[in-house]
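K.L.:
Sharing a structure here in structure tokens format.
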Amino acid sequence: MAHLAHYKEAHPLPFVITHWINLIAMVVLILSGFLIHFPFLPFLMGIARGCHIFFGFVLFINCVVRVVMAFFVKSAPTGGTRQQVTDFKTWLPQKDNRHQAGAWITYYLFLKKEHPLGAKLGVPQKISYLLIPILILIMFWTGLCLWGVTMNVPCFLATTNLVGGLMSMRIIHYFMMYVFICFMFIHVYLANVEGFEPTKLMFAHKEHGGLVYDPDLHNIVGEDRDVH
Amino acid sequence: MENQATMSEFDSILSSRGVSRRSFMKLCAGIAAAAGLSQLAVPRVAQALEESVIGATSGNLYPVIWIEGASCTGCTESFAQVETPDVASVVLDLISLNYSETLSAAAGHSVEEAKAQTIAAGNYILIYEGAVLEAFDGNALRVAGETGITALVEAAESANAVVAIGSCAVNGGWMAAHPNPAQALGVQQYLEKVGVTTPVVNVPGCPVNPEWVMSVLVDVVVLKDMDLLLNRLNEFNMPGDLFTQTVHDNCERRGHFENGEFVYEFGSKEEEMGYCLYPLGCKGPQTRSQCGVTLWNDRRSWCVQSGAPCIGCCEAKPSDPGDNWVEVNTPFYKRMRNLRIGDFEFQPTTIAVAVTGLLAACLVVHGFGMKISGRMDGGAPFEKIRKWDSKHPEQEIGTYADPVKGGPVESEDLVHKNADPRKKN
């Protein structure tokens with residue numbers, strides 16, 4: 001067993017909830033979006049449109065709440081510890097991340113045999129996660145440009161004209177969905193490929209023992225065998 | 001009484017054209033609605049029309065020059081085919097169509113002279129149909145020894161306003177579709193290019209709806225208020241009241257859309273039922289136009305009523321010939337346009353699914369790699385020391401058992417500090 005211990009402190013309850021909401025909202029949005037794109041289940045069209053708009057707002061508001069909470073809720077800066085810092089610090093470059101981008105990339109390309117030491121979020125992981133709120137914002141904005149109720153609001157109309165009309169806007173919104181799908185593929189794959197412990201922790205708050213990491217020494221200091 | 005005399009004179013003009021008073025008032029209501037006025041303005045419109053028509057008998061007509069650019073003459077056809085006299089012909093009698101390649105009875109030298117005289121006298125409106133062609137050194141559309149672009153510039157410079165009718169005149173339309181060998185563009189963009197500042201009013205459509213053209217003419221010719229027209233224009237210089245809502249908003253099949261009743265195939269039972277044409281690529285949801293309200297062919301029918309999905313012919317961004325409606329909306333029966341890289345055309349779904357599929361395949365291959373390298377059970381063992389730290393011992397990030405070889409700092413206290421749930425800080 002080579003992974004770090006999975007403690008609840010890495011993902012405090014509020015973030016477990018926002019993660020659940022993200023998952024549900026994104027899945028509903030993608031499925032209802034496909035239905036709206038082409039009504040292959042025509043009887044669901046009305047429900048799909050209603051859900052799409054409702055969960056669009058849910059996803060956006062959830063994103064805002066999550067970002068705001070990052071400044072108030074504490075979470076562990078690295079795996080394998082119960083020590084916590086204010087959450088937003090775990091999103092900025094940490095000392096544990098420094099010079100480790102290459103290590104992660106070479107590790108995943110099988111050019112490096114050993115697992116890199118790092119923060120809770122590795123370098124490529126941190127960058128891609130930070131893009132998600134931006135993606136959600138773009139999705140929300142382009143969605144409002146397409147929604148009949150808001151399409152003629154000056155700011156949305158101006159955006160539509162900027163990208164070359166409603167057809168281009170529709171295609172942008174559509175392509176962005178595939179970016180989400182691609183992200184979800186990679187995210188689900190990497191989170192689970194070395195074992196399902198991270199998923200159990202994130203969804204069910206189920207802890208698992210493992211190596212203990214000290215965020216001050218930036219190194220492993222032993223092993224926790226008490227939690228299984 | 002003077003009032004009655006006026007009425008009877010006007011009525012006689014109307015009746016001589018086979019128009020009843022009732023249909024005249026319907027026309028006034030239609031014009032008021034088209035001009036974005038409330039129904040309270042109907043008497044005002046009626047009065048203005050009456051006065052103008054009476055003015056017409058005394059020769060006080062508003063001069064109009066109608067020039068054909070690169071067009072199929074479909075807009076003229078559309079305009080000319082309003083058969084009941086009550087609508088278009090009454091209004092047409094309000095203007096003096098001094099020059100039109102298609103409609104003028106005169107031809108040759110005499111009509112060219114009429115045009116020159118009108119331009120010299122000024123205070124007229126230029127209606128321009130079709131695209132402007134810049135290719136062939138500007139030699140296209142040569143009429144009476146004059147090239148198309150010089151004819152346009154000459155007539156536009158002295159006009160009170162230029163009305164660009166039809167999508168071709170707005171931004172090139174069909175003419176500007178890929179690969180656009182004639183370098184077609186819209187009137188507004190061309191006039192801006194050559195520095196002509198006459199206001200341009202864009203009325204897209206393929207062809208343009210005659211009632212929309214009328215509603216523009218009504219402002220200027222009937223109500224004699226250029227500001228009334230210019231204030232109606234949106235950011236594309238189109239009458240905003242006509243091109244703000246989408247075709248989808250006012251579609252007669254919208255109820256079927258809401259019910260989830262769709263036509264998936266022409267000739268099917270669903271088509272017979274008059275269901276929504278959305279799956280057949282109807283561009284109604286993204287096309288801003290009032291077609292479903294104004295209707296076509298003397299308010300008889302329109303594309304969707306006749307069973308065809310909207311093909312988005314009113315999509316036209318005046319500043320961008322590449323945004324012509326053909327480019328934006330083909331293939332007509334697909335949900336989205338084709339994208340193009342060089343000569344390679346594809347649907348957005350094709351490229352998106354291909355990229356996503358490729359990614360999924362890469363992940364599967366990667367997964368086998370992870371399996372073979374034994375990383376699936378908790379990943380590979382951790383590195384003893386960061387590469388950077390081993391090379392730069394003086395700038396080390398981590399603290400190791402050995403500063404050069406690395407290795408974990410085994411410490412019961414630190415394990416306790418980090419792992420004990422009661423010691424949470």
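Here, A, B, ... name the chains of the structure tokens in the order displayed, residue numbers run from 1 inside each chain, and ligands are numbered from 1 in the same displayed order.
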Do me a favour and pick out the residues of chain A within 8 Å of chain B, using only C-alpha atoms, as number ranges by chain.
P.N.:
A: 1-3, 37-39, 42-46, 80-84, 95-96, 98-100, 103, 110, 113-117, 152, 164, 166-167, 171, 175, 178, 181-182, 185-186, 189, 193-195, 212-214, 217-224
K.L.:
Let's have the selection written as a compact mmCIF listing (two decimals), in the first residue's frame, with N, CA and C atoms.
P.N.:
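Writing done, so here's part.txt:
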# COMPACT_ATOMS: atom_id res chain seq x y z
N MET A 1 0.85 -1.21 0.00
CA MET A 1 0.00 0.00 0.00
C MET A 1 0.87 1.24 0.00
N ALA A 2 0.69 2.04 -1.04
CA ALA A 2 1.59 3.18 -1.15
C ALA A 2 0.88 4.51 -1.05
N HIS A 3 -0.45 4.47 -0.89
CA HIS A 3 -1.11 5.79 -0.89
C HIS A 3 -1.15 6.41 0.49
N HIS A 37 -30.77 19.04 -27.65
CA HIS A 37 -30.08 19.10 -28.94
C HIS A 37 -30.82 18.29 -29.99
N PHE A 38 -31.21 17.10 -29.60
CA PHE A 38 -32.03 16.28 -30.49
C PHE A 38 -33.03 15.49 -29.66
N PRO A 39 -34.33 15.74 -29.86
CA PRO A 39 -35.33 15.12 -28.98
C PRO A 39 -35.56 13.65 -29.29
N PRO A 42 -39.01 12.25 -27.24
CA PRO A 42 -39.79 13.49 -27.36
C PRO A 42 -40.65 13.82 -26.15
N PHE A 43 -41.19 12.77 -25.49
CA PHE A 43 -42.07 13.04 -24.36
C PHE A 43 -41.33 13.68 -23.19
N LEU A 44 -39.99 13.58 -23.19
CA LEU A 44 -39.20 14.17 -22.11
C LEU A 44 -38.73 15.58 -22.43
N MET A 45 -39.06 16.07 -23.61
CA MET A 45 -38.51 17.35 -24.05
C MET A 45 -38.82 18.48 -23.08
N GLY A 46 -40.09 18.58 -22.67
CA GLY A 46 -40.48 19.66 -21.77
C GLY A 46 -39.75 19.56 -20.44
N GLY A 80 -3.08 12.54 3.79
CA GLY A 80 -2.36 11.92 4.90
C GLY A 80 -2.17 12.78 6.12
N THR A 81 -3.02 13.81 6.29
CA THR A 81 -2.93 14.60 7.52
C THR A 81 -4.31 15.10 7.92
N ARG A 82 -4.47 15.35 9.22
CA ARG A 82 -5.71 15.96 9.69
C ARG A 82 -5.53 17.45 9.94
N GLN A 83 -4.32 17.91 9.77
CA GLN A 83 -4.10 19.35 9.94
C GLN A 83 -4.82 20.09 8.81
N GLN A 84 -5.30 21.30 9.14
CA GLN A 84 -6.08 22.03 8.12
C GLN A 84 -5.60 23.47 7.98
N LYS A 95 3.90 25.08 -1.34
CA LYS A 95 5.30 24.68 -1.35
C LYS A 95 5.42 23.23 -1.81
N ASP A 96 4.42 22.41 -1.44
CA ASP A 96 4.44 21.00 -1.82
C ASP A 96 4.34 20.80 -3.34
N ARG A 98 5.76 22.82 -5.55
CA ARG A 98 6.84 23.48 -6.29
C ARG A 98 7.74 22.48 -7.02
N HIS A 99 8.03 22.76 -8.26
CA HIS A 99 8.92 21.94 -9.11
C HIS A 99 8.37 20.54 -9.36
N GLN A 100 7.08 20.30 -9.07
CA GLN A 100 6.58 18.93 -9.19
C GLN A 100 5.69 18.71 -10.43
N ALA A 103 7.22 16.14 -12.54
CA ALA A 103 7.19 14.84 -11.88
C ALA A 103 5.85 14.14 -12.13
N PHE A 110 4.47 7.21 -17.57
CA PHE A 110 5.29 6.03 -17.27
C PHE A 110 6.79 6.29 -17.48
N LYS A 113 9.12 6.16 -12.34
CA LYS A 113 8.56 4.97 -11.69
C LYS A 113 7.87 5.29 -10.38
N GLU A 114 8.40 6.28 -9.65
CA GLU A 114 7.89 6.51 -8.29
C GLU A 114 6.81 7.58 -8.27
N HIS A 115 5.91 7.39 -7.33
CA HIS A 115 4.81 8.33 -7.15
C HIS A 115 5.34 9.65 -6.59
N PRO A 116 5.02 10.78 -7.23
CA PRO A 116 5.56 12.05 -6.73
C PRO A 116 4.98 12.41 -5.36
N LEU A 117 5.79 13.04 -4.55
CA LEU A 117 5.28 13.64 -3.32
C LEU A 117 4.58 14.92 -3.72
N ASN A 152 -32.27 38.52 -25.05
CA ASN A 152 -32.27 39.90 -25.53
C ASN A 152 -31.81 40.90 -24.47
N GLY A 164 -20.77 35.91 -33.27
CA GLY A 164 -21.26 35.68 -34.63
C GLY A 164 -22.65 35.06 -34.68
N LEU A 166 -26.51 33.40 -32.98
CA LEU A 166 -27.03 32.33 -32.11
C LEU A 166 -26.51 30.95 -32.51
N MET A 167 -26.28 30.74 -33.81
CA MET A 167 -25.78 29.44 -34.24
C MET A 167 -24.39 29.18 -33.66
N ILE A 171 -23.20 26.36 -30.86
CA ILE A 171 -22.10 25.41 -31.07
C ILE A 171 -21.06 25.54 -29.94
N PHE A 175 -19.98 22.53 -27.65
CA PHE A 175 -18.58 22.08 -27.53
C PHE A 175 -18.12 22.11 -26.07
N TYR A 178 -18.80 19.06 -24.19
CA TYR A 178 -17.85 17.97 -24.41
C TYR A 178 -16.58 18.19 -23.59
N ILE A 181 -17.48 16.75 -20.44
CA ILE A 181 -17.48 15.29 -20.52
C ILE A 181 -16.05 14.76 -20.47
N CYS A 182 -15.17 15.42 -21.24
CA CYS A 182 -13.75 15.00 -21.25
C CYS A 182 -13.16 15.15 -19.85
N PHE A 185 -14.37 12.34 -17.67
CA PHE A 185 -13.68 11.08 -17.99
C PHE A 185 -12.33 11.03 -17.28
N ILE A 186 -11.55 12.09 -17.47
CA ILE A 186 -10.20 12.12 -16.91
C ILE A 186 -10.27 12.11 -15.38
N TYR A 189 -11.43 8.78 -14.01
CA TYR A 189 -10.37 7.79 -14.25
C TYR A 189 -9.22 7.97 -13.26
N VAL A 193 -8.16 5.19 -10.49
CA VAL A 193 -7.30 4.19 -11.11
C VAL A 193 -6.35 3.55 -10.08
N GLU A 194 -6.04 4.30 -9.02
CA GLU A 194 -5.13 3.72 -8.02
C GLU A 194 -5.90 3.22 -6.79
N GLY A 195 -7.19 3.01 -6.95
CA GLY A 195 -8.02 2.51 -5.84
C GLY A 195 -9.21 3.41 -5.63
N VAL A 212 1.23 8.61 6.49
CA VAL A 212 0.95 9.91 7.11
C VAL A 212 1.97 10.92 6.61
N TYR A 213 1.47 12.09 6.25
CA TYR A 213 2.31 13.12 5.63
C TYR A 213 2.28 14.34 6.52
N ASP A 214 3.41 14.93 6.74
CA ASP A 214 3.43 16.14 7.57
C ASP A 214 3.56 17.37 6.67
N LEU A 217 6.88 19.38 7.30
CA LEU A 217 8.14 18.79 6.82
C LEU A 217 8.06 18.49 5.32
N HIS A 218 6.85 18.53 4.77
CA HIS A 218 6.63 18.21 3.35
C HIS A 218 7.14 16.81 3.02
N ASN A 219 6.91 15.91 3.96
CA ASN A 219 7.39 14.55 3.73
C ASN A 219 6.54 13.56 4.53
N ILE A 220 6.68 12.30 4.15
CA ILE A 220 5.96 11.23 4.85
C ILE A 220 6.65 10.99 6.19
N VAL A 221 5.83 10.77 7.23
CA VAL A 221 6.44 10.60 8.56
C VAL A 221 6.09 9.26 9.19
N GLY A 222 5.31 8.45 8.52
CA GLY A 222 4.97 7.15 9.09
C GLY A 222 3.70 6.61 8.48
N GLU A 223 3.04 5.72 9.20
CA GLU A 223 1.84 5.11 8.64
C GLU A 223 0.75 5.01 9.70
N ASP A 224 -0.48 5.26 9.25
CA ASP A 224 -1.63 5.14 10.15
C ASP A 224 -2.34 3.84 9.84
K.L.:
May I have the residues within 9 Å of Thr159 (chain A) as a list of chain:residue names, using only C-alpha atoms and disregarding those fewer than 6 positions away in the same chain?
P.N.:
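Everything that qualifies: A:Trp141, A:Thr142, A:Cys145, A:Gly165, A:Met169.
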K.L.:
Could those selected residues go to a file with N, CA and C atoms, as a PDB file, in the first residue's frame?
P.N.:
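Result went into again06.pdb, see below:
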ATOM      1  N   TRP A 141     -23.120  31.580 -18.835  1.00  0.00           N
ATOM      2  CA  TRP A 141     -23.274  32.790 -19.659  1.00  0.00           C
ATOM      3  C   TRP A 141     -23.792  32.438 -21.052  1.00  0.00           C
ATOM      4  N   THR A 142     -23.163  31.460 -21.700  1.00  0.00           N
ATOM      5  CA  THR A 142     -23.609  31.096 -23.054  1.00  0.00           C
ATOM      6  C   THR A 142     -25.023  30.514 -23.002  1.00  0.00           C
ATOM      7  N   CYS A 145     -27.365  33.279 -22.961  1.00  0.00           N
ATOM      8  CA  CYS A 145     -27.434  33.903 -24.290  1.00  0.00           C
ATOM      9  C   CYS A 145     -28.424  33.154 -25.181  1.00  0.00           C
ATOM     10  N   GLY A 165     -23.483  35.364 -33.712  1.00  0.00           N
ATOM     11  CA  GLY A 165     -24.878  34.950 -33.809  1.00  0.00           C
ATOM     12  C   GLY A 165     -25.222  33.729 -32.974  1.00  0.00           C
ATOM     13  N   MET A 169     -23.160  30.600 -31.030  1.00  0.00           N
ATOM     14  CA  MET A 169     -23.322  30.476 -29.580  1.00  0.00           C
ATOM     15  C   MET A 169     -23.752  29.062 -29.206  1.00  0.00           C
TER      16      MET A 169
END
K.L.:
Let me make sure I understand: among B:Arg299, B:Leu133, B:Tyr190, B:Glu327, which one has the smallest atom-to-atom distance to Arg340 (chain B) if we use only C-alpha atoms?
P.N.:
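For Arg340 (chain B), the nearest of the candidates is B:Glu327.
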K.L.:
Taking the DSSP assignment computed from this structure's backbone, write out as a list in words all residues of region 191-341 of chain B that belong to strand (DSSP E).
P.N.:
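Strand (DSSP E) members of region 191-341 of chain B, listed: Val200, Val201, Asn202, Val203, Leu339, Arg340 and Ile341 of chain B.
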K.L.:
Would you put the residues from that selection into a file with N, CA and C atoms, as a short mmCIF file (atom, residue, chain, number, x, y, z; two decimals), in the first residue's frame?
P.N.:
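Saved to part_2.cif:
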data_model
loop_
_atom_site.label_atom_id
_atom_site.label_comp_id
_atom_site.auth_asym_id
_atom_site.auth_seq_id
_atom_site.Cartn_x
_atom_site.Cartn_y
_atom_site.Cartn_z
N VAL B 200 -28.01 53.60 -43.53
CA VAL B 200 -28.46 52.39 -44.22
C VAL B 200 -29.45 51.66 -43.32
N VAL B 201 -30.57 51.29 -43.90
CA VAL B 201 -31.56 50.50 -43.17
C VAL B 201 -31.53 49.10 -43.75
N ASN B 202 -31.25 48.11 -42.91
CA ASN B 202 -31.14 46.74 -43.39
C ASN B 202 -32.43 45.97 -43.14
N VAL B 203 -32.97 45.40 -44.19
CA VAL B 203 -34.16 44.55 -44.04
C VAL B 203 -33.83 43.19 -44.67
N LEU B 339 -19.00 22.92 -39.95
CA LEU B 339 -17.78 23.69 -39.74
C LEU B 339 -16.83 23.33 -40.86
N ARG B 340 -15.86 24.19 -41.07
CA ARG B 340 -15.00 24.01 -42.23
C ARG B 340 -13.54 24.25 -41.85
N ILE B 341 -12.69 23.30 -42.19
CA ILE B 341 -11.25 23.55 -42.11
C ILE B 341 -10.73 23.30 -43.52
#
K.L.:
Which residue is closest to Glu113 (chain B)? Choose from B:Val221, B:Met226, B:Ala144, B:Val163 and count only C-alpha atoms.
P.N.:
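Among the listed residues, B:Ala144 lies closest to Glu113 (chain B).
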K.L.:
Quick one: everything within 7 Å of Tyr62 (chain B), counting only C-alpha atoms, minus sequence neighbours fewer than 3 positions away in the same chain. Send it as a list of chain:residue names.
P.N.:
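Using only C-alpha atoms, the neighbours found are B:Leu94, B:Ile95, B:Ser96, B:Tyr124, B:Val221.
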K.L.:
In region 63-206 of chain A, what's alpha helix (DSSP H) per DSSP? Answer as a ChimeraX atom specification?
P.N.:
/A:63-69,101-108,123-146,154-163,166-192,197-204
K.L.:
Kindly give the distance, in Å, that separates CA of Cys75 (chain B) and CA of Gly130 (chain B), rounded to a single decimal.
P.N.:
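Separating CA of Cys75 (chain B) from CA of Gly130 (chain B) is a distance of 8.5 Å.
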K.L.:
Do you know which residues are at most 12 Å from Thr118 (chain B) counting only C-alpha atoms, after dropping those on the same chain fewer than 3 positions away, and could you put them as a list in words?
P.N.:
Tyr62, Pro63, Val64, Ile65, Trp66, Ser96, Leu97, Asn98, Tyr99, Val111, Glu112, Glu113, Ala114, Lys115, Ala121, Gly122, Asn123, Tyr124, Ile125, Leu126, Glu154, Ala155, Ala156, Ser158 and Ala159 of chain B
K.L.:
Please report the interatomic distance between CA of Ser306 (chain B) and CA of Leu217 (chain B) in Å with one decimal.
P.N.:
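Interatomic distance here is 28.5 Å.
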K.L.:
Just checking: using only C-alpha atoms, which residue out of B:Asp225, B:Arg142, B:His178, B:Arg232 ends up closest to Gly342 (chain B)?
P.N.:
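When distances to Gly342 (chain B) are compared using only C-alpha atoms, the smallest one comes from B:His178.
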K.L.:
Which residues are close to Met202 (chain A), i.e. within 12 Å by only C-alpha atoms, leaving aside same-chain residues fewer than 4 positions away? Reply as a PyMOL selection string.
P.N.:
chain A and resi 6-20+23+188+191-192+196-198+206-208
